[in-house]
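Undergrad: Got a file for you: entry-v8.pdb, PDB, C-alpha atoms and all ligand atoms.
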```pdb
ATOM      1  CA  MET R 229      41.520  77.154  59.971
ATOM      2  CA  PRO R 230      39.807  77.150  56.513
ATOM      3  CA  ALA R 231      39.486  80.365  54.457
ATOM      4  CA  THR R 232      35.871  80.747  55.525
ATOM      5  CA  ALA R 233      34.466  79.929  58.933
ATOM      6  CA  ALA R 234      32.873  76.478  59.011
ATOM      7  CA  THR R 235      31.430  76.581  62.514
ATOM      8  CA  VAL R 236      29.861  79.083  64.864
ATOM      9  CA  GLY R 237      32.973  78.968  67.039
ATOM     10  CA  GLU R 238      35.284  79.746  64.108
ATOM     11  CA  LEU R 239      33.120  82.628  62.961
ATOM     12  CA  LEU R 240      33.022  84.001  66.493
ATOM     13  CA  HIS R 241      36.801  83.792  66.717
ATOM     14  CA  ARG R 242      37.193  85.663  63.415
ATOM     15  CA  ALA R 243      34.547  88.249  64.261
ATOM     16  CA  ALA R 244      36.229  89.098  67.564
ATOM     17  CA  ALA R 245      39.497  89.626  65.670
ATOM     18  CA  TRP R 246      37.772  91.821  63.036
ATOM     19  CA  PHE R 247      36.164  93.932  65.757
ATOM     20  CA  ALA R 248      39.466  94.336  67.596
ATOM     21  CA  ALA R 249      41.334  95.276  64.396
ATOM     22  CA  ALA R 250      38.640  97.832  63.503
ATOM     23  CA  GLY R 251      38.901  99.421  66.947
ATOM     24  CA  ILE R 252      35.165  99.486  67.530
ATOM     25  CA  VAL R 253      33.923 100.157  71.049
ATOM     26  CA  CYS R 254      31.699  97.497  72.612
ATOM     27  CA  ALA R 255      30.287  99.364  75.607
ATOM     28  CA  HIS R 256      26.578  98.916  75.077
ATOM     29  CA  GLY R 257      25.751  96.001  77.317
ATOM     30  CA  ALA R 258      28.417  93.587  76.048
ATOM     31  CA  ALA R 259      31.261  92.529  78.318
ATOM     32  CA  ASP R 260      33.702  92.927  75.412
ATOM     33  CA  CYS R 261      33.845  92.746  71.610
ATOM     34  CA  ARG R 262      33.763  88.944  71.560
ATOM     35  CA  ASP R 263      30.595  89.078  73.639
ATOM     36  CA  GLU R 264      29.022  91.578  71.222
ATOM     37  CA  ALA R 265      30.013  89.459  68.203
ATOM     38  CA  ALA R 266      28.423  86.454  69.920
ATOM     39  CA  ALA R 267      25.233  88.442  70.482
ATOM     40  CA  ILE R 268      25.014  89.126  66.731
ATOM     41  CA  ILE R 269      25.860  85.607  65.564
ATOM     42  CA  TYR R 270      23.634  83.801  68.053
ATOM     43  CA  HIS R 271      20.741  86.176  67.364
ATOM     44  CA  VAL R 272      20.978  85.779  63.577
ATOM     45  CA  LEU R 273      21.107  81.993  63.890
ATOM     46  CA  GLY R 274      18.428  81.810  66.603
ATOM     47  CA  LEU R 275      20.811  80.022  68.977
ATOM     48  CA  ARG R 276      20.654  80.023  72.761
ATOM     49  CA  HIS R 277      23.736  81.198  74.646
ATOM     50  CA  ASP R 278      23.281  78.375  77.156
ATOM     51  CA  ASP R 279      23.238  75.692  74.436
ATOM     52  CA  PRO R 280      26.608  73.911  74.751
ATOM     53  CA  SER R 281      26.298  72.438  71.238
ATOM     54  CA  ALA R 282      25.911  75.854  69.552
ATOM     55  CA  TYR R 283      29.625  76.647  69.441
ATOM     56  CA  GLY R 284      30.512  73.654  67.308
ATOM     57  CA  ARG R 285      27.490  73.917  65.006
ATOM     58  CA  THR R 286      28.266  73.862  61.283
ATOM     59  CA  LEU R 287      27.251  76.957  59.285
ATOM     60  CA  SER R 288      25.586  76.897  55.899
ATOM     61  CA  ASP R 289      26.873  79.435  53.357
ATOM     62  CA  ASP R 290      23.655  81.412  53.723
ATOM     63  CA  GLU R 291      23.944  81.522  57.537
ATOM     64  CA  ARG R 292      27.553  82.611  57.417
ATOM     65  CA  GLN R 293      26.785  85.337  54.883
ATOM     66  CA  ARG R 294      23.858  86.662  56.929
ATOM     67  CA  CYS R 295      26.069  86.835  60.035
ATOM     68  CA  GLU R 296      28.951  88.431  58.163
ATOM     69  CA  ALA R 297      26.671  91.087  56.655
ATOM     70  CA  LEU R 298      25.573  92.218  60.114
ATOM     71  CA  LEU R 299      29.069  91.977  61.573
ATOM     72  CA  ALA R 300      30.279  94.189  58.720
ATOM     73  CA  ARG R 301      27.546  96.751  59.415
ATOM     74  CA  ARG R 302      28.583  96.781  63.079
ATOM     75  CA  ILE R 303      32.111  97.713  61.997
ATOM     76  CA  VAL R 304      31.336 100.148  59.174
ATOM     77  CA  GLU R 305      28.399 101.988  60.733
ATOM     78  CA  ARG R 306      29.636 101.766  64.339
ATOM     79  CA  GLN R 307      26.011 101.046  65.250
ATOM     80  CA  PRO R 308      25.636  99.173  68.568
ATOM     81  CA  ALA R 309      24.548  95.560  68.053
ATOM     82  CA  ALA R 310      21.404  96.123  70.110
ATOM     83  CA  TYR R 311      20.046  98.533  67.472
ATOM     84  CA  LEU R 312      21.070  96.269  64.594
ATOM     85  CA  LEU R 313      19.236  93.379  66.238
ATOM     86  CA  GLY R 314      16.342  95.357  67.737
ATOM     87  CA  GLU R 315      17.009  93.656  71.042
ATOM     88  CA  ALA R 316      18.986  94.119  74.244
ATOM     89  CA  TRP R 317      19.139  91.992  77.371
ATOM     90  CA  PHE R 318      18.791  93.457  80.846
ATOM     91  CA  ALA R 319      18.489  91.606  84.158
ATOM     92  CA  GLY R 320      18.165  88.366  82.201
ATOM     93  CA  LEU R 321      15.237  89.680  80.148
ATOM     94  CA  PRO R 322      14.999  90.593  76.445
ATOM     95  CA  PHE R 323      13.834  94.094  75.501
ATOM     96  CA  PHE R 324      12.932  95.619  72.158
ATOM     97  CA  VAL R 325      15.150  98.631  71.481
ATOM     98  CA  ASP R 326      15.700 101.107  68.702
ATOM     99  CA  ARG R 327      17.304 104.509  68.399
ATOM    100  CA  ARG R 328      14.515 106.176  70.390
ATOM    101  CA  VAL R 329      15.966 104.750  73.626
ATOM    102  CA  LEU R 330      19.282 104.235  75.356
ATOM    103  CA  VAL R 331      20.665 100.709  75.000
ATOM    104  CA  PRO R 332      20.022  99.082  78.428
ATOM    105  CA  ARG R 333      23.282  98.464  80.286
ATOM    106  CA  SER R 334      22.910  99.935  83.754
ATOM    107  CA  PRO R 335      24.357  98.139  86.794
ATOM    108  CA  PHE R 336      20.857  98.678  88.179
ATOM    109  CA  ALA R 337      20.255  95.184  86.755
ATOM    110  CA  GLU R 338      22.354  93.629  89.509
ATOM    111  CA  LEU R 339      20.526  95.537  92.234
ATOM    112  CA  ILE R 340      17.139  94.521  90.849
ATOM    113  CA  GLU R 341      18.104  90.863  90.437
ATOM    114  CA  ALA R 342      19.136  90.896  94.135
ATOM    115  CA  ARG R 343      15.925  92.768  95.032
ATOM    116  CA  PHE R 344      18.207  95.548  96.368
ATOM    117  CA  ALA R 345      19.669  93.217  99.044
ATOM    118  CA  PRO R 346      21.735  93.685 101.126
ATOM    119  CA  TRP R 347      21.320  97.443 100.769
ATOM    120  CA  LEU R 348      17.609  97.754 101.488
ATOM    121  CA  ALA R 349      15.362  95.868 103.916
ATOM    122  CA  PRO R 350      13.066  93.403 102.105
ATOM    123  CA  LEU R 351      10.383  95.241 100.151
ATOM    124  CA  ASP R 352       6.850  93.860 100.106
ATOM    125  CA  ARG R 353       4.773  94.973  97.119
ATOM    126  CA  PRO R 354       6.531  98.354  96.985
ATOM    127  CA  ARG R 355       5.263 101.440  95.189
ATOM    128  CA  ILE R 356       8.078 102.411  92.857
ATOM    129  CA  LEU R 357       8.650 105.570  90.818
ATOM    130  CA  GLU R 358      11.128 105.391  87.960
ATOM    131  CA  LEU R 359      12.261 108.695  86.447
ATOM    132  CA  GLY R 360      13.504 108.417  82.838
ATOM    133  CA  THR R 361      12.378 104.914  81.923
ATOM    134  CA  GLY R 362      13.653 104.815  78.303
ATOM    135  CA  SER R 363      12.975 101.282  77.029
ATOM    136  CA  GLY R 364      11.197 100.497  80.314
ATOM    137  CA  CYS R 365      13.851  97.914  81.201
ATOM    138  CA  ILE R 366      14.335  99.002  84.835
ATOM    139  CA  ALA R 367      10.616  99.467  85.526
ATOM    140  CA  ILE R 368       9.685  96.125  83.976
ATOM    141  CA  ALA R 369      12.519  94.224  85.667
ATOM    142  CA  CYS R 370      11.385  95.727  89.006
ATOM    143  CA  ALA R 371       7.775  94.755  88.374
ATOM    144  CA  LEU R 372       8.842  91.159  87.716
ATOM    145  CA  ALA R 373      11.282  91.083  90.668
ATOM    146  CA  PHE R 374       8.617  92.396  93.051
ATOM    147  CA  PRO R 375       5.313  90.620  92.401
ATOM    148  CA  GLY R 376       2.416  92.828  93.456
ATOM    149  CA  SER R 377       4.467  96.004  93.162
ATOM    150  CA  GLU R 378       3.146  99.120  91.434
ATOM    151  CA  VAL R 379       5.574 100.954  89.194
ATOM    152  CA  LEU R 380       5.036 104.439  87.795
ATOM    153  CA  ALA R 381       7.546 104.845  84.966
ATOM    154  CA  THR R 382       8.004 108.305  83.493
ATOM    155  CA  ASP R 383       9.972 109.811  80.655
ATOM    156  CA  ILE R 384      10.019 113.236  79.050
ATOM    157  CA  SER R 385      10.285 111.602  75.615
ATOM    158  CA  ALA R 386       7.073 110.381  73.956
ATOM    159  CA  ASP R 387       9.261 108.374  71.555
ATOM    160  CA  ALA R 388      10.893 106.512  74.437
ATOM    161  CA  LEU R 389       7.523 105.823  76.030
ATOM    162  CA  ALA R 390       6.317 104.202  72.808
ATOM    163  CA  VAL R 391       9.223 101.744  73.066
ATOM    164  CA  ALA R 392       8.565 101.204  76.776
ATOM    165  CA  ARG R 393       4.897 100.468  76.031
ATOM    166  CA  ARG R 394       5.908  97.774  73.569
ATOM    167  CA  ASN R 395       8.142  96.173  76.229
ATOM    168  CA  VAL R 396       5.486  96.423  78.951
ATOM    169  CA  GLU R 397       3.162  94.482  76.645
ATOM    170  CA  ARG R 398       5.886  91.999  75.679
ATOM    171  CA  HIS R 399       6.470  91.126  79.341
ATOM    172  CA  GLY R 400       2.788  91.193  80.338
ATOM    173  CA  THR R 401       3.421  93.823  83.011
ATOM    174  CA  GLY R 402       0.630  96.227  82.041
ATOM    175  CA  GLY R 403      -1.150  95.497  85.335
ATOM    176  CA  GLN R 404       1.832  96.731  87.327
ATOM    177  CA  VAL R 405       3.677  99.308  85.225
ATOM    178  CA  ARG R 406       2.035 102.627  84.393
ATOM    179  CA  LEU R 407       3.782 104.840  81.841
ATOM    180  CA  LEU R 408       3.547 108.608  81.988
ATOM    181  CA  GLN R 409       5.110 111.464  80.045
ATOM    182  CA  ALA R 410       6.559 113.896  82.581
ATOM    183  CA  ASP R 411       9.521 116.166  83.209
ATOM    184  CA  LEU R 412      10.928 114.466  86.330
ATOM    185  CA  TYR R 413       8.492 115.166  89.220
ATOM    186  CA  THR R 414       6.380 117.774  87.421
ATOM    187  CA  GLY R 415       2.696 116.937  87.801
ATOM    188  CA  LEU R 416       3.306 113.832  89.930
ATOM    189  CA  ALA R 417       1.466 113.165  93.185
ATOM    190  CA  GLY R 418       1.636 110.597  95.959
ATOM    191  CA  ARG R 419       4.355 108.846  97.906
ATOM    192  CA  PHE R 420       6.607 105.958  96.902
ATOM    193  CA  ASP R 421       8.687 103.369  98.756
ATOM    194  CA  LEU R 422      11.404 103.597  96.145
ATOM    195  CA  ILE R 423      12.413 106.244  93.621
ATOM    196  CA  ILE R 424      14.868 104.934  91.061
ATOM    197  CA  SER R 425      16.536 106.645  88.150
ATOM    198  CA  ASN R 426      19.272 106.234  85.595
ATOM    199  CA  PRO R 427      19.083 109.785  84.229
ATOM    200  CA  PRO R 428      21.258 111.415  81.587
ATOM    201  CA  TYR R 429      24.537 112.279  83.333
ATOM    202  CA  VAL R 430      27.271 112.765  80.720
ATOM    203  CA  PRO R 431      28.963 116.175  81.144
ATOM    204  CA  ASP R 432      28.645 118.393  78.043
ATOM    205  CA  GLY R 433      32.413 118.424  77.537
ATOM    206  CA  ASP R 434      32.587 114.622  77.464
ATOM    207  CA  LEU R 435      29.803 114.175  74.900
ATOM    208  CA  VAL R 436      31.904 115.339  71.957
ATOM    209  CA  ASP R 437      34.716 112.928  72.774
ATOM    210  CA  MET R 438      32.538 109.827  73.066
ATOM    211  CA  PRO R 439      33.114 106.915  70.663
ATOM    212  CA  ALA R 440      30.967 106.905  67.512
ATOM    213  CA  GLU R 441      28.686 104.185  68.939
ATOM    214  CA  PHE R 442      27.195 106.681  71.408
ATOM    215  CA  ALA R 443      26.106 109.074  68.645
ATOM    216  CA  TRP R 444      23.432 106.488  67.734
ATOM    217  CA  GLU R 445      21.722 107.015  71.093
ATOM    218  CA  PRO R 446      19.249 109.837  71.851
ATOM    219  CA  HIS R 447      21.085 112.995  72.918
ATOM    220  CA  GLY R 448      18.446 113.543  75.626
ATOM    221  CA  ALA R 449      19.275 110.180  77.187
ATOM    222  CA  LEU R 450      22.934 111.100  77.678
ATOM    223  CA  ALA R 451      23.359 114.868  78.063
ATOM    224  CA  GLY R 452      23.544 115.915  81.701
ATOM    225  CA  GLY R 453      24.633 119.564  81.431
ATOM    226  CA  ALA R 454      27.908 121.285  82.272
ATOM    227  CA  ASP R 455      29.002 118.926  85.077
ATOM    228  CA  GLY R 456      26.642 116.103  84.128
ATOM    229  CA  LEU R 457      24.395 116.465  87.129
ATOM    230  CA  ASP R 458      21.679 118.901  85.974
ATOM    231  CA  LEU R 459      18.970 116.256  86.290
ATOM    232  CA  VAL R 460      20.534 114.392  89.199
ATOM    233  CA  ARG R 461      20.449 117.568  91.332
ATOM    234  CA  ARG R 462      16.730 117.954  90.626
ATOM    235  CA  ILE R 463      16.122 114.258  91.342
ATOM    236  CA  VAL R 464      17.944 114.334  94.690
ATOM    237  CA  GLY R 465      16.518 117.730  95.634
ATOM    238  CA  GLY R 466      12.943 116.701  94.881
ATOM    239  CA  ALA R 467      12.847 113.102  96.091
ATOM    240  CA  GLY R 468      12.004 113.852  99.717
ATOM    241  CA  ALA R 469       8.587 115.192  98.770
ATOM    242  CA  PHE R 470       7.648 111.944  96.995
ATOM    243  CA  LEU R 471       9.096 109.282  99.296
ATOM    244  CA  GLU R 472       7.482 107.510 102.220
ATOM    245  CA  PRO R 473       9.323 108.290 105.482
ATOM    246  CA  ASP R 474      11.129 104.935 105.299
ATOM    247  CA  GLY R 475      11.585 105.105 101.514
ATOM    248  CA  TRP R 476      14.783 105.191  99.492
ATOM    249  CA  LEU R 477      16.162 107.009  96.478
ATOM    250  CA  VAL R 478      18.478 105.024  94.201
ATOM    251  CA  VAL R 479      20.052 107.129  91.460
ATOM    252  CA  GLU R 480      22.814 106.475  88.935
ATOM    253  CA  VAL R 481      25.441 109.162  88.275
ATOM    254  CA  GLY R 482      28.164 107.165  86.487
ATOM    255  CA  GLY R 483      31.485 108.900  87.022
ATOM    256  CA  GLY R 484      29.800 111.793  88.823
ATOM    257  CA  SER R 485      30.053 110.502  92.385
ATOM    258  CA  ALA R 486      32.530 113.164  93.569
ATOM    259  CA  VAL R 487      30.471 115.957  91.994
ATOM    260  CA  LEU R 488      27.330 114.617  93.664
ATOM    261  CA  GLU R 489      29.027 114.331  97.072
ATOM    262  CA  ALA R 490      30.248 117.926  96.686
ATOM    263  CA  ALA R 491      26.795 119.166  95.651
ATOM    264  CA  PHE R 492      25.122 117.548  98.680
ATOM    265  CA  PRO R 493      27.871 117.471 101.349
ATOM    266  CA  HIS R 494      25.460 116.628 104.185
ATOM    267  CA  VAL R 495      23.794 113.674 102.449
ATOM    268  CA  PRO R 496      25.302 110.254 103.373
ATOM    269  CA  PHE R 497      25.191 108.469 100.007
ATOM    270  CA  THR R 498      25.933 104.739  99.905
ATOM    271  CA  TRP R 499      27.792 103.439  96.832
ATOM    272  CA  PRO R 500      27.311  99.702  96.136
ATOM    273  CA  GLU R 501      29.982  97.749  94.283
ATOM    274  CA  PHE R 502      28.958  95.470  91.444
ATOM    275  CA  GLU R 503      30.186  91.989  90.570
ATOM    276  CA  ARG R 504      29.557  92.437  86.836
ATOM    277  CA  GLY R 505      31.233  95.856  86.654
ATOM    278  CA  GLY R 506      29.983  99.417  86.538
ATOM    279  CA  ASP R 507      29.650 101.815  89.409
ATOM    280  CA  GLY R 508      28.180 105.183  90.266
ATOM    281  CA  ILE R 509      24.811 104.245  91.734
ATOM    282  CA  ALA R 510      23.943 106.069  94.963
ATOM    283  CA  LEU R 511      21.444 104.973  97.586
ATOM    284  CA  VAL R 512      20.055 107.400 100.130
ATOM    285  CA  ALA R 513      17.308 107.037 102.731
ATOM    286  CA  ALA R 514      14.376 109.456 102.665
ATOM    287  CA  GLY R 515      15.286 110.774 106.098
ATOM    288  CA  ASP R 516      18.761 111.742 104.874
ATOM    289  CA  LEU R 517      17.579 113.694 101.859
ATOM    290  CA  PRO R 518      17.744 117.480 101.672
ATOM    291  CA  GLY R 519      14.559 119.406 102.418
ATOM    292  CA  ASP R 520      11.812 118.800 104.948
ATOM    293  CA  ASN R 521      10.275 115.726 103.291
ATOM    294  CA  ALA R 522       7.134 117.798 102.864
ATOM    295  CA  PRO R 523       4.379 116.807 100.454
ATOM    296  CA  PRO R 524       4.349 118.653  97.119
ATOM    297  CA  GLY R 525       3.092 122.225  97.477
ATOM    298  CA  ARG R 526       4.563 122.789 100.934
ATOM    299  CA  GLY R 527       7.840 123.957  99.513
ATOM    300  CA  ALA R 528      10.437 121.253  99.999
ATOM    301  CA  ARG R 529      13.825 122.934 100.353
ATOM    302  CA  GLY R 530      16.815 122.297  98.146
ATOM    303  CA  GLU R 531      20.226 122.059  99.733
TER     304      GLU R 531
HETATM  305  C1  LIG M   1      20.104 107.286  80.563
HETATM  306  S1  LIG M   1      18.501 107.054  79.871
HETATM  307  C2  LIG M   1      17.918 105.699  80.886
HETATM  308  C3  LIG M   1      16.892 104.835  80.224
HETATM  309  C4  LIG M   1      16.567 103.553  80.997
HETATM  310  N1  LIG M   1      16.032 103.841  82.302
HETATM  311  C5  LIG M   1      17.804 102.667  81.116
HETATM  312  O1  LIG M   1      18.373 102.586  82.192
HETATM  313  O2  LIG M   1      18.198 102.062  80.105
HETATM  314  C6  LIG M   1      17.691 108.455  80.534
HETATM  315  C7  LIG M   1      16.223 108.642  80.156
HETATM  316  O3  LIG M   1      15.765 109.830  80.825
HETATM  317  C8  LIG M   1      14.908 110.529  79.962
HETATM  318  N2  LIG M   1      14.871 111.936  80.370
HETATM  319  C9  LIG M   1      15.731 112.929  80.030
HETATM  320  N3  LIG M   1      15.356 114.078  80.607
HETATM  321  C10 LIG M   1      14.246 113.810  81.334
HETATM  322  C11 LIG M   1      13.388 114.593  82.151
HETATM  323  N4  LIG M   1      13.616 115.904  82.335
HETATM  324  N5  LIG M   1      12.332 114.005  82.743
HETATM  325  C12 LIG M   1      12.101 112.664  82.548
HETATM  326  N6  LIG M   1      12.870 111.887  81.780
HETATM  327  C13 LIG M   1      13.929 112.445  81.181
HETATM  328  C14 LIG M   1      15.474 110.296  78.575
HETATM  329  O4  LIG M   1      14.487 110.498  77.584
HETATM  330  C15 LIG M   1      15.965 108.847  78.685
HETATM  331  O5  LIG M   1      14.981 107.952  78.245
END
```
Mind turning this structure into structure tokens?
Ligand SMILES: C[S@@+](CC[C@H](N)C(=O)[O-])C[C@H]1O[C@@H](n2cnc3c(N)ncnc32)[C@H](O)[C@@H]1O
TA:
Amino acid sequence: MPATAATVGELLHRAAAWFAAAGIVCAHGAADCRDEAAAIIYHVLGLRHDDPSAYGRTLSDDERQRCEALLARRIVERQPAAYLLGEAWFAGLPFFVDRRVLVPRSPFAELIEARFAPWLAPLDRPRILELGTGSGCIAIACALAFPGSEVLATDISADALAVARRNVERHGTGGQVRLLQADLYTGLAGRFDLIISNPPYVPDGDLVDMPAEFAWEPHGALAGGADGLDLVRRIVGGAGAFLEPDGWLVVEVGGGSAVLEAAFPHVPFTWPEFERGGDGIALVAAGDLPGDNAPPGRGARGE
């Protein structure tokens, strides 16, 4: 191999080796470090990942230097590629991202792409509530997967909602997705067929030990309290009052499945497995949720 990379494939090969030697952590939507290096190189060069000729394409000096500058920043700053590029992919769709929002990477993408089959019966123009929308990726992907659906997407962070608004416009989903600043269910009304959420769920003790890449993300998108489930408890405890009788709650807890099962021992959670990796998403039917499924104001019980 020449001293400098002559082709996209050679640069990719070198970049993957640089990333591995630097010990960076590629856990923000990339399958591995080679995948994250490819995201940077292909983005800088405006190449499509499904273009079979891209790999062997010859690089000009300027192209190689532009790629190498960003690859170097990825190593030195430990900044996830999605923030360096201002873009992340989720459920096959591109989203604008910056440090105001979590980098999209939830296994929710697989559920949405499959329209929640085989776990849920087919949904026809469902009313969906998403709690903690961040970049809006889950809400927007749902809107596109379910034509005619209505999605209310909330977040406590006005900064995150500004990013979500940009993505709603980018994907032309303004007619379906409504954005609202709210603390979980506070101030909400009505009933939904589906409540979905990927809330913050990292236990306090784990936050300090996380790789440097995670420090670039908003603290409020990760921090889940002492055992990680501060918000998840409120989401599960409150969902019954906002779901239709045949509705479902789908909530991500990451590694917190045992803690969740222990917190709600009488709730039969279902835990899907994912082909593309990831775990920790629980499904539960409205009728199996704690409380009396009463409308807001009638005092739904916690467990
Ligand atoms: C883990 S991120 C998920 C973002 C996005 N849904 C995704 O999957 O990429 C959690 C989001 O919940 C929001 N959040 C945190 N506390 C909240 C609360 N009390 N009420 C509503 N949203 C909250 C954060 O601002 C953040 O955007």
Undergrad: Interatomic distance between atom CA of Trp347 of chain R and atom CA of Phe502 of chain R?
TA: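 Taking atom CA of Trp347 of chain R and atom CA of Phe502 of chain R, their separation equals 12.2 Å.
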Undergrad: Could you list, as JSON, numbers by chain, every residue matched by the PyMOL selection byres (((chain R and resi 457) around 10) and not hetatm) in this structure?
TA: {"R": [427, 428, 429, 430, 431, 451, 452, 453, 454, 455, 456, 458, 459, 460, 461, 462, 463, 481, 484, 485, 487, 488, 491]}
Undergrad: Restrict the selected residues to C-alpha atoms and save them as an mmCIF file, in the coordinates of the input.
TA:
```cif
data_model
loop_
_atom_site.group_PDB
_atom_site.id
_atom_site.type_symbol
_atom_site.label_atom_id
_atom_site.label_comp_id
_atom_site.auth_asym_id
_atom_site.auth_seq_id
_atom_site.Cartn_x
_atom_site.Cartn_y
_atom_site.Cartn_z
ATOM 1 C CA PRO R 427 19.083 109.785 84.229
ATOM 2 C CA PRO R 428 21.258 111.415 81.587
ATOM 3 C CA TYR R 429 24.537 112.279 83.333
ATOM 4 C CA VAL R 430 27.271 112.765 80.720
ATOM 5 C CA PRO R 431 28.963 116.175 81.144
ATOM 6 C CA ALA R 451 23.359 114.868 78.063
ATOM 7 C CA GLY R 452 23.544 115.915 81.701
ATOM 8 C CA GLY R 453 24.633 119.564 81.431
ATOM 9 C CA ALA R 454 27.908 121.285 82.272
ATOM 10 C CA ASP R 455 29.002 118.926 85.077
ATOM 11 C CA GLY R 456 26.642 116.103 84.128
ATOM 12 C CA ASP R 458 21.679 118.901 85.974
ATOM 13 C CA LEU R 459 18.970 116.256 86.290
ATOM 14 C CA VAL R 460 20.534 114.392 89.199
ATOM 15 C CA ARG R 461 20.449 117.568 91.332
ATOM 16 C CA ARG R 462 16.730 117.954 90.626
ATOM 17 C CA ILE R 463 16.122 114.258 91.342
ATOM 18 C CA VAL R 481 25.441 109.162 88.275
ATOM 19 C CA GLY R 484 29.800 111.793 88.823
ATOM 20 C CA SER R 485 30.053 110.502 92.385
ATOM 21 C CA VAL R 487 30.471 115.957 91.994
ATOM 22 C CA LEU R 488 27.330 114.617 93.664
ATOM 23 C CA ALA R 491 26.795 119.166 95.651
#
```
Undergrad: Taking (17.1, 83.3, 62.6) in the coordinates of the supplied file, I want to know which residues reach to within 12 Å of it, counting all atoms listed in the file; could you give the answer as an MDAnalysis selection string?
TA: chainID R and resid 268:276 290:292 294:295 313
Undergrad: Rank nothing, just name the residue among R:Leu299, R:Ala510, R:Ala316, R:Leu422 nearest to ligand LIG 1 (chain M), using all atoms listed in the file.
TA: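 Looking only at the distances to ligand LIG 1 (chain M), the closest residue turns out to be R:Ala316.
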Undergrad: What does the distance from atom CA of Val325 of chain R to atom CA of Ser288 of chain R come to in Å, to one decimal?
TA: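 We find that atom CA of Val325 of chain R and atom CA of Ser288 of chain R lie 28.7 Å from each other.
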Undergrad: Using only C-alpha atoms and all ligand atoms, which residues have at least one atom no more than 9 Å from ligand LIG 1 (chain M)? Output them as a compact mmCIF listing (two decimals) with C-alpha atoms, in the frame of the given file.
TA:
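Saved file pocket_5.txt follows:
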```
# COMPACT_ATOMS: atom_id res chain seq x y z
CA PHE R 318 18.79 93.46 80.85
CA ARG R 328 14.52 106.18 70.39
CA VAL R 329 15.97 104.75 73.63
CA LEU R 330 19.28 104.24 75.36
CA VAL R 331 20.66 100.71 75.00
CA PRO R 332 20.02 99.08 78.43
CA ARG R 333 23.28 98.46 80.29
CA SER R 334 22.91 99.94 83.75
CA PRO R 335 24.36 98.14 86.79
CA PHE R 336 20.86 98.68 88.18
CA ALA R 337 20.26 95.18 86.76
CA GLU R 358 11.13 105.39 87.96
CA LEU R 359 12.26 108.70 86.45
CA GLY R 360 13.50 108.42 82.84
CA THR R 361 12.38 104.91 81.92
CA GLY R 362 13.65 104.82 78.30
CA SER R 363 12.98 101.28 77.03
CA GLY R 364 11.20 100.50 80.31
CA CYS R 365 13.85 97.91 81.20
CA ILE R 366 14.34 99.00 84.84
CA ALA R 367 10.62 99.47 85.53
CA ALA R 381 7.55 104.84 84.97
CA THR R 382 8.00 108.30 83.49
CA ASP R 383 9.97 109.81 80.66
CA ILE R 384 10.02 113.24 79.05
CA SER R 385 10.28 111.60 75.61
CA ALA R 386 7.07 110.38 73.96
CA ASP R 387 9.26 108.37 71.56
CA ALA R 388 10.89 106.51 74.44
CA LEU R 389 7.52 105.82 76.03
CA GLN R 409 5.11 111.46 80.04
CA ALA R 410 6.56 113.90 82.58
CA ASP R 411 9.52 116.17 83.21
CA LEU R 412 10.93 114.47 86.33
CA TYR R 413 8.49 115.17 89.22
CA THR R 414 6.38 117.77 87.42
CA ILE R 424 14.87 104.93 91.06
CA SER R 425 16.54 106.64 88.15
CA ASN R 426 19.27 106.23 85.60
CA PRO R 427 19.08 109.78 84.23
CA PRO R 428 21.26 111.42 81.59
CA TYR R 429 24.54 112.28 83.33
CA PRO R 446 19.25 109.84 71.85
CA HIS R 447 21.08 113.00 72.92
CA GLY R 448 18.45 113.54 75.63
CA ALA R 449 19.27 110.18 77.19
CA LEU R 450 22.93 111.10 77.68
CA ALA R 451 23.36 114.87 78.06
CA GLY R 452 23.54 115.92 81.70
CA LEU R 459 18.97 116.26 86.29
CA GLU R 480 22.81 106.48 88.94
```
Undergrad: What residues come out when you apply the PyMOL selection byres (((chain R and resi 356) around 8) and not hetatm) to this file, written as a list in words?
TA: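 With the shown file as input, the PyMOL selection byres (((chain R and resi 356) around 8) and not hetatm) matches Pro354, Arg355, Leu357, Glu358, Ser377, Glu378, Val379, Leu380, Phe420, Asp421, Leu422, Ile423 and Ile424 of chain R.
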